Structure formats: C-alpha cells, structure tokens
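Structure data (PDB, C-alpha atoms) from model.pdb:
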```pdb
ATOM      1  CA  MET A   1     -40.663 -55.375  50.513
ATOM      2  CA  ARG A   2     -41.943 -51.804  50.754
ATOM      3  CA  PHE A   3     -44.439 -50.424  48.264
ATOM      4  CA  LEU A   4     -45.108 -46.819  47.368
ATOM      5  CA  PRO A   5     -48.674 -45.590  47.808
ATOM      6  CA  THR A   6     -50.803 -45.735  44.685
ATOM      7  CA  VAL A   7     -52.383 -42.358  45.418
ATOM      8  CA  PRO A   8     -50.206 -39.226  45.334
ATOM      9  CA  VAL A   9     -49.550 -38.095  48.892
ATOM     10  CA  MET A  10     -48.004 -34.805  49.874
ATOM     11  CA  ALA A  11     -46.441 -35.166  53.290
ATOM     12  CA  CYS A  12     -45.053 -31.650  53.702
ATOM     13  CA  ARG A  13     -44.811 -28.232  52.078
ATOM     14  CA  PHE A  14     -41.889 -25.838  52.206
ATOM     15  CA  THR A  15     -43.476 -22.900  54.043
ATOM     16  CA  GLU A  16     -40.661 -20.756  55.401
ATOM     17  CA  LEU A  17     -36.913 -20.347  55.554
ATOM     18  CA  VAL A  18     -35.410 -19.051  58.806
ATOM     19  CA  VAL A  19     -32.200 -17.033  58.569
ATOM     20  CA  ASP A  20     -30.087 -16.187  61.619
ATOM     21  CA  CYS A  21     -28.696 -12.671  61.273
ATOM     22  CA  ARG A  22     -27.350  -9.649  63.135
ATOM     23  CA  ASP A  23     -29.792  -7.116  61.648
ATOM     24  CA  PRO A  24     -33.222  -8.585  60.791
ATOM     25  CA  ASP A  25     -34.660  -5.262  59.618
ATOM     26  CA  THR A  26     -31.889  -4.668  57.066
ATOM     27  CA  LEU A  27     -32.015  -8.195  55.666
ATOM     28  CA  ALA A  28     -35.821  -8.224  55.607
ATOM     29  CA  ALA A  29     -35.825  -4.956  53.648
ATOM     30  CA  PHE A  30     -33.210  -6.269  51.195
ATOM     31  CA  TRP A  31     -34.970  -9.589  50.533
ATOM     32  CA  ALA A  32     -38.426  -7.968  50.410
ATOM     33  CA  ALA A  33     -37.151  -5.684  47.631
ATOM     34  CA  VAL A  34     -35.445  -8.588  45.819
ATOM     35  CA  LEU A  35     -38.499 -10.861  45.933
ATOM     36  CA  ASP A  36     -41.282  -8.237  45.869
ATOM     37  CA  TYR A  37     -42.373  -9.458  49.315
ATOM     38  CA  ARG A  38     -43.806  -7.420  52.163
ATOM     39  CA  VAL A  39     -43.343  -7.520  55.938
ATOM     40  CA  LEU A  40     -45.876  -9.966  57.367
ATOM     41  CA  SER A  41     -44.951  -9.780  61.051
ATOM     42  CA  ARG A  42     -42.458  -8.519  63.603
ATOM     43  CA  ASP A  43     -41.933 -10.485  66.797
ATOM     44  CA  GLU A  44     -41.085  -9.051  70.197
ATOM     45  CA  ASP A  45     -37.677 -10.739  69.988
ATOM     46  CA  GLY A  46     -36.848  -8.719  66.837
ATOM     47  CA  ALA A  47     -37.554 -11.399  64.238
ATOM     48  CA  VAL A  48     -39.076 -10.152  60.984
ATOM     49  CA  GLU A  49     -41.105 -12.351  58.630
ATOM     50  CA  ILE A  50     -41.570 -11.367  54.993
ATOM     51  CA  GLY A  51     -43.605 -13.050  52.293
ATOM     52  CA  PRO A  52     -45.855 -12.655  49.297
ATOM     53  CA  GLU A  53     -49.222 -10.911  49.493
ATOM     54  CA  ALA A  54     -50.909 -14.275  50.204
ATOM     55  CA  GLY A  55     -48.881 -14.538  53.416
ATOM     56  CA  PHE A  56     -47.795 -17.624  55.300
ATOM     57  CA  GLY A  57     -49.105 -20.839  53.773
ATOM     58  CA  GLY A  58     -49.547 -19.310  50.333
ATOM     59  CA  PRO A  59     -47.975 -20.559  47.109
ATOM     60  CA  ALA A  60     -44.451 -19.332  47.987
ATOM     61  CA  PRO A  61     -42.468 -19.737  51.209
ATOM     62  CA  THR A  62     -41.919 -16.882  53.637
ATOM     63  CA  LEU A  63     -38.536 -15.792  55.010
ATOM     64  CA  VAL A  64     -38.014 -15.237  58.737
ATOM     65  CA  PHE A  65     -34.969 -13.233  59.832
ATOM     66  CA  GLY A  66     -34.169 -13.986  63.464
ATOM     67  CA  PRO A  67     -31.718 -11.921  65.487
ATOM     68  CA  VAL A  68     -28.658 -13.670  66.876
ATOM     69  CA  PRO A  69     -25.641 -11.837  68.272
ATOM     70  CA  ASP A  70     -23.123 -13.871  66.281
ATOM     71  CA  PRO A  71     -24.432 -16.026  63.400
ATOM     72  CA  THR A  72     -22.702 -19.378  63.052
ATOM     73  CA  PRO A  73     -19.484 -18.975  61.059
ATOM     74  CA  GLY A  74     -18.289 -21.460  58.479
ATOM     75  CA  LYS A  75     -19.526 -22.868  55.206
ATOM     76  CA  VAL A  76     -23.124 -22.090  54.401
ATOM     77  CA  ARG A  77     -24.961 -25.378  53.935
ATOM     78  CA  LEU A  78     -27.841 -23.981  51.903
ATOM     79  CA  HIS A  79     -28.594 -20.958  49.798
ATOM     80  CA  ILE A  80     -31.435 -19.416  47.841
ATOM     81  CA  ASP A  81     -31.632 -19.701  44.033
ATOM     82  CA  LEU A  82     -33.488 -16.930  42.213
ATOM     83  CA  ASN A  83     -34.914 -16.682  38.713
ATOM     84  CA  ALA A  84     -35.961 -13.375  37.181
ATOM     85  CA  THR A  85     -39.646 -13.054  36.325
ATOM     86  CA  ASP A  86     -40.041  -9.743  34.512
ATOM     87  CA  ARG A  87     -36.632  -9.056  32.959
ATOM     88  CA  ASP A  88     -33.592 -10.928  31.660
ATOM     89  CA  GLN A  89     -30.763 -12.164  33.861
ATOM     90  CA  ASP A  90     -28.436  -9.216  33.121
ATOM     91  CA  ALA A  91     -31.075  -6.626  34.013
ATOM     92  CA  GLU A  92     -31.966  -8.508  37.192
ATOM     93  CA  LEU A  93     -28.294  -8.765  38.144
ATOM     94  CA  GLU A  94     -27.971  -4.992  37.902
ATOM     95  CA  ARG A  95     -31.107  -4.514  40.026
ATOM     96  CA  LEU A  96     -29.801  -6.875  42.722
ATOM     97  CA  LEU A  97     -26.433  -5.116  42.820
ATOM     98  CA  GLU A  98     -28.183  -1.739  43.132
ATOM     99  CA  LEU A  99     -30.201  -3.122  46.076
ATOM    100  CA  GLY A 100     -26.979  -3.967  47.908
ATOM    101  CA  ALA A 101     -26.013  -7.441  46.740
ATOM    102  CA  THR A 102     -22.336  -8.072  46.081
ATOM    103  CA  ARG A 103     -20.628 -10.581  43.819
ATOM    104  CA  ALA A 104     -19.302 -13.650  45.650
ATOM    105  CA  ASP A 105     -16.423 -15.841  44.529
ATOM    106  CA  VAL A 106     -16.948 -19.515  45.306
ATOM    107  CA  GLY A 107     -14.532 -20.762  42.659
ATOM    108  CA  GLN A 108     -16.752 -20.353  39.625
ATOM    109  CA  THR A 109     -15.052 -20.318  36.211
ATOM    110  CA  GLY A 110     -17.095 -17.588  34.555
ATOM    111  CA  GLY A 111     -18.779 -19.987  32.153
ATOM    112  CA  GLU A 112     -21.671 -20.844  34.448
ATOM    113  CA  GLY A 113     -25.241 -19.895  33.612
ATOM    114  CA  TRP A 114     -25.694 -18.280  37.020
ATOM    115  CA  HIS A 115     -24.216 -15.509  39.158
ATOM    116  CA  VAL A 116     -23.190 -16.079  42.774
ATOM    117  CA  LEU A 117     -24.046 -13.102  44.956
ATOM    118  CA  ALA A 118     -24.185 -12.247  48.652
ATOM    119  CA  ASP A 119     -26.789 -10.272  50.586
ATOM    120  CA  PRO A 120     -25.778  -7.418  52.944
ATOM    121  CA  GLU A 121     -24.700  -9.899  55.663
ATOM    122  CA  GLY A 122     -22.746 -12.124  53.288
ATOM    123  CA  ASN A 123     -25.334 -14.897  52.831
ATOM    124  CA  GLN A 124     -24.754 -16.348  49.382
ATOM    125  CA  PHE A 125     -27.458 -16.808  46.771
ATOM    126  CA  CYS A 126     -27.532 -17.497  43.043
ATOM    127  CA  LEU A 127     -29.263 -15.725  40.191
ATOM    128  CA  LEU A 128     -30.053 -18.350  37.568
ATOM    129  CA  ARG A 129     -30.394 -17.695  33.843
ATOM    130  CA  ARG A 130     -33.872 -19.106  33.156
ATOM    131  CA  ARG A 131     -36.734 -16.623  33.356
ATOM    132  CA  LEU A 132     -39.904 -17.846  35.097
ATOM    133  CA  ASP A 133     -43.484 -16.651  35.032
ATOM    134  CA  PRO A 134     -44.477 -14.748  38.182
ATOM    135  CA  LEU A 135     -46.815 -16.473  40.657
TER
END
```

Whole structure, structure tokens version:
Amino acid sequence: MRFLPTVPVMACRFTELVVDCRDPDTLAAFWAAVLDYRVLSRDEDGAVEIGPEAGFGGPAPTLVFGPVPDPTPGKVRLHIDLNATDRDQDAELERLLELGATRADVGQTGGEGWHVLADPEGNQFCLLRRRLDPL
C-alpha cells in the first residue's frame, strides 16, 4: 500500500511554455502585449522569451517562441486560457482582437462563458469570463 506524504511537497513548478512558430518576433510581440509581458531574452537561434517583470522563475510562467520552418500540423493538444484582470470580458475581447487575435470556431454553441481565439499564427487560446486580480 502506498501512502501520501504527511508534509506538503511541491515537486515541480510550471515555469515556461515553449511554442514552435515561424515568426518568433511577431508572436512574442503579440503575446507580450496580451499578457503585459516584456522580452526577457533573444537566443542566437532566433528564439524569443517573454515574461513578467520578475522574469524566469517568478510567480508566472514565461513563454518561449522557438523558430521552426514548419510547425507540426494537426490538432493542437494544449492551449492557453486567459482571464482579464483590469476590465470585463467584452472589453478584453475587443482589446485582443485589436492586437491581432481572430475568432476561432472549434464547434462552440455560442452559450459558453468563454471565447475561442487564435493568435497571428493560428494557435488557439480562450478568454474566460471570470476576472482575476493581477499578480
């Protein structure tokens, strides 16, 4: 029989999300504007890492956009969920669309509490209804 530890143990932290893409600079600029992140580093291979002011290892994960000539086609197996922090969902939806997001149809009915969008390279993400406090 296996027992759980009696003391809380944190084995890992989510520190970064790596996204294969054709144009790291464009996607980094888009997501930096969406998340109020800044460019943390640029690698010689063209990869761009963005994150919050605290940088890598801070309270929120960073995003790394790595250049690949032809990102893997097919169904995306993960996506980013967003919650507005300083405005309601409708106002944030308009801001995201102005930044270059597009609406994505994944078979939603229209009654959901979220919007499915795509970034400039077609990577899907959702804008959820609940508003959260900023970090």

Exercise for the section: Determine, counting all atoms listed in the file, which protein, DNA and RNA residues have an atom within 9 Å of an atom of Cys126 of chain A; residues of the same chain fewer than 2 positions away are not included. Present the result as a ChimeraX atom specification. Expected result: /A:79-83,114-118,124,128

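Nearest to Glu94 of chain A of all the residues A:Glu112, A:Leu127, A:Pro69, A:Asp45 is A:Leu127, counting all atoms listed in the file.
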
Handout entry: Nearby residues (all atoms listed in the file) at most 12 Å from segment 53-67 of chain A, same-chain spacing under 2 positions excluded, as JSON, numbers by chain
Key = {"A": [12, 13, 14, 15, 16, 17, 18, 19, 20, 21, 22, 23, 24, 25, 26, 27, 28, 29, 30, 31, 32, 35, 36, 37, 38, 39, 40, 41, 42, 43, 44, 45, 46, 47, 48, 49, 50, 51, 69, 70, 71, 72, 80, 121, 134, 135]}

Exercise for the section: Can you work out the spacing between atom CA of Glu92 of chain A and atom CA of Arg77 of chain A in Å, to one decimal? Expected result: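 Computing the Euclidean distance for atom CA of Glu92 of chain A and atom CA of Arg77 of chain A yields 24.8 Å.
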
Handout entry: Interatomic distance, atom CA of Glu98 of chain A to atom CA of Val34 of chain A (Å, one decimal)
Key = 10.3 Å

Practice task
Decode the PyMOL selection byres ((chain A and resi 130-132) around 8) for the given file into explicit residues and return them as an NGL selection string.
Solution key: :A and (83-89 or 128-129 or 133-134)

Problem - Separation of atom CA of Asp119 of chain A from atom CA of Leu78 of chain A, in Å and rounded to one decimal - result: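 One can read the atom CA of Asp119 of chain A to atom CA of Leu78 of chain A distance as 13.8 Å.
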
Could you pull segment 8-135 of chain A out of the structure just shown and give C-alpha atoms as a short mmCIF file (atom, residue, chain, number, x, y, z; two decimals), in the first residue's frame?
```cif
data_model
loop_
_atom_site.label_atom_id
_atom_site.label_comp_id
_atom_site.auth_asym_id
_atom_site.auth_seq_id
_atom_site.Cartn_x
_atom_site.Cartn_y
_atom_site.Cartn_z
CA PRO A 8 3.04 19.15 1.61
CA VAL A 9 5.67 18.63 -1.07
CA MET A 10 5.93 20.59 -4.27
CA ALA A 11 7.76 18.51 -6.83
CA CYS A 12 7.68 20.93 -9.76
CA ARG A 13 6.59 24.40 -10.86
CA PHE A 14 5.27 25.42 -14.25
CA THR A 15 7.99 27.85 -15.35
CA GLU A 16 7.70 28.25 -19.11
CA LEU A 17 5.72 27.26 -22.16
CA VAL A 18 7.63 26.69 -25.40
CA VAL A 19 5.81 27.42 -28.65
CA ASP A 20 7.15 26.33 -32.04
CA CYS A 21 6.45 29.02 -34.62
CA ARG A 22 7.52 30.50 -37.95
CA ASP A 23 7.99 34.08 -36.69
CA PRO A 24 9.11 34.29 -33.03
CA ASP A 25 9.35 38.09 -33.04
CA THR A 26 5.75 38.57 -34.21
CA LEU A 27 4.30 36.06 -31.75
CA ALA A 28 6.44 37.37 -28.89
CA ALA A 29 5.21 40.91 -29.57
CA PHE A 30 1.57 39.76 -29.74
CA TRP A 31 1.69 37.72 -26.51
CA ALA A 32 3.75 40.36 -24.68
CA ALA A 33 1.01 42.90 -25.46
CA VAL A 34 -1.75 40.45 -24.47
CA LEU A 35 -0.15 39.49 -21.15
CA ASP A 36 1.69 42.75 -20.34
CA TYR A 37 4.98 40.83 -20.52
CA ARG A 38 8.33 42.06 -21.77
CA VAL A 39 11.11 40.45 -23.80
CA LEU A 40 13.47 38.69 -21.40
CA SER A 41 15.94 37.21 -23.87
CA ARG A 42 16.71 36.52 -27.51
CA ASP A 43 18.79 33.49 -28.42
CA GLU A 44 21.21 33.21 -31.32
CA ASP A 45 18.90 30.65 -32.93
CA GLY A 46 16.08 33.25 -33.07
CA ALA A 47 14.09 32.11 -30.04
CA VAL A 48 12.47 34.88 -28.02
CA GLU A 49 11.49 34.53 -24.36
CA ILE A 50 8.91 36.85 -22.81
CA GLY A 51 7.71 37.06 -19.24
CA PRO A 52 6.62 39.26 -16.38
CA GLU A 53 8.90 41.86 -14.82
CA ALA A 54 10.09 39.27 -12.26
CA GLY A 55 11.50 37.19 -15.12
CA PHE A 56 12.07 33.46 -15.29
CA GLY A 57 11.23 31.67 -12.05
CA GLY A 58 8.87 34.39 -10.88
CA PRO A 59 5.21 33.93 -9.95
CA ALA A 60 4.03 33.46 -13.57
CA PRO A 61 5.46 31.27 -16.33
CA THR A 62 7.42 32.68 -19.24
CA LEU A 63 6.70 31.96 -22.92
CA VAL A 64 9.48 30.92 -25.29
CA PHE A 65 8.83 31.21 -29.03
CA GLY A 66 11.24 28.98 -30.94
CA PRO A 67 11.69 29.19 -34.69
CA VAL A 68 10.87 26.12 -36.75
CA PRO A 69 10.46 26.17 -40.53
CA ASP A 70 7.18 24.25 -40.49
CA PRO A 71 5.36 23.87 -37.14
CA THR A 72 3.72 20.50 -36.63
CA PRO A 73 0.30 20.46 -38.29
CA GLY A 74 -2.75 18.82 -36.78
CA LYS A 75 -4.84 19.20 -33.66
CA VAL A 76 -3.34 21.41 -31.00
CA ARG A 77 -3.02 19.36 -27.82
CA LEU A 78 -2.86 22.30 -25.43
CA HIS A 79 -3.80 25.93 -25.37
CA ILE A 80 -3.59 28.95 -23.11
CA ASP A 81 -6.59 30.15 -21.07
CA LEU A 82 -6.70 33.84 -20.20
CA ASN A 83 -8.69 35.81 -17.65
CA ALA A 84 -8.97 39.59 -17.77
CA THR A 85 -7.51 41.45 -14.80
CA ASP A 86 -8.40 45.11 -15.28
CA ARG A 87 -11.54 45.09 -17.43
CA ASP A 88 -14.55 42.88 -18.17
CA GLN A 89 -14.52 40.05 -20.69
CA ASP A 90 -16.14 42.07 -23.50
CA ALA A 91 -13.62 44.90 -23.22
CA GLU A 92 -10.74 42.43 -23.11
CA LEU A 93 -12.11 40.60 -26.15
CA GLU A 94 -12.08 43.84 -28.11
CA ARG A 95 -8.50 44.57 -27.00
CA LEU A 96 -7.32 41.11 -28.06
CA LEU A 97 -8.99 41.44 -31.46
CA GLU A 98 -7.37 44.85 -31.95
CA LEU A 99 -3.97 43.29 -31.14
CA GLY A 100 -4.43 40.79 -33.97
CA ALA A 101 -6.31 37.86 -32.45
CA THR A 102 -9.02 36.29 -34.57
CA ARG A 103 -12.11 34.34 -33.57
CA ALA A 104 -11.72 30.56 -33.91
CA ASP A 105 -14.53 28.07 -34.46
CA VAL A 106 -13.99 24.79 -32.64
CA GLY A 107 -17.66 23.83 -32.60
CA GLN A 108 -18.80 26.04 -29.75
CA THR A 109 -22.54 26.72 -29.46
CA GLY A 110 -22.41 30.38 -28.50
CA GLY A 111 -23.65 29.75 -24.98
CA GLU A 112 -20.22 29.18 -23.48
CA GLY A 113 -18.74 31.53 -20.90
CA TRP A 114 -15.54 31.86 -22.93
CA HIS A 115 -14.36 32.98 -26.36
CA VAL A 116 -12.08 30.83 -28.51
CA LEU A 117 -9.50 32.92 -30.33
CA ALA A 118 -6.33 32.38 -32.35
CA ASP A 119 -3.05 34.29 -32.27
CA PRO A 120 -1.41 35.57 -35.50
CA GLU A 121 -0.09 32.07 -36.35
CA GLY A 122 -3.38 30.32 -35.62
CA ASN A 123 -2.56 28.97 -32.14
CA GLN A 124 -5.85 28.76 -30.27
CA PHE A 125 -6.46 30.23 -26.84
CA CYS A 126 -9.52 31.00 -24.73
CA LEU A 127 -10.64 34.16 -22.99
CA LEU A 128 -12.60 33.10 -19.91
CA ARG A 129 -15.35 35.13 -18.26
CA ARG A 130 -14.06 35.35 -14.68
CA ARG A 131 -11.98 38.42 -13.85
CA LEU A 132 -8.88 37.82 -11.71
CA ASP A 133 -6.74 40.12 -9.61
CA PRO A 134 -3.41 40.98 -11.25
CA LEU A 135 -0.25 39.39 -9.82
#
```
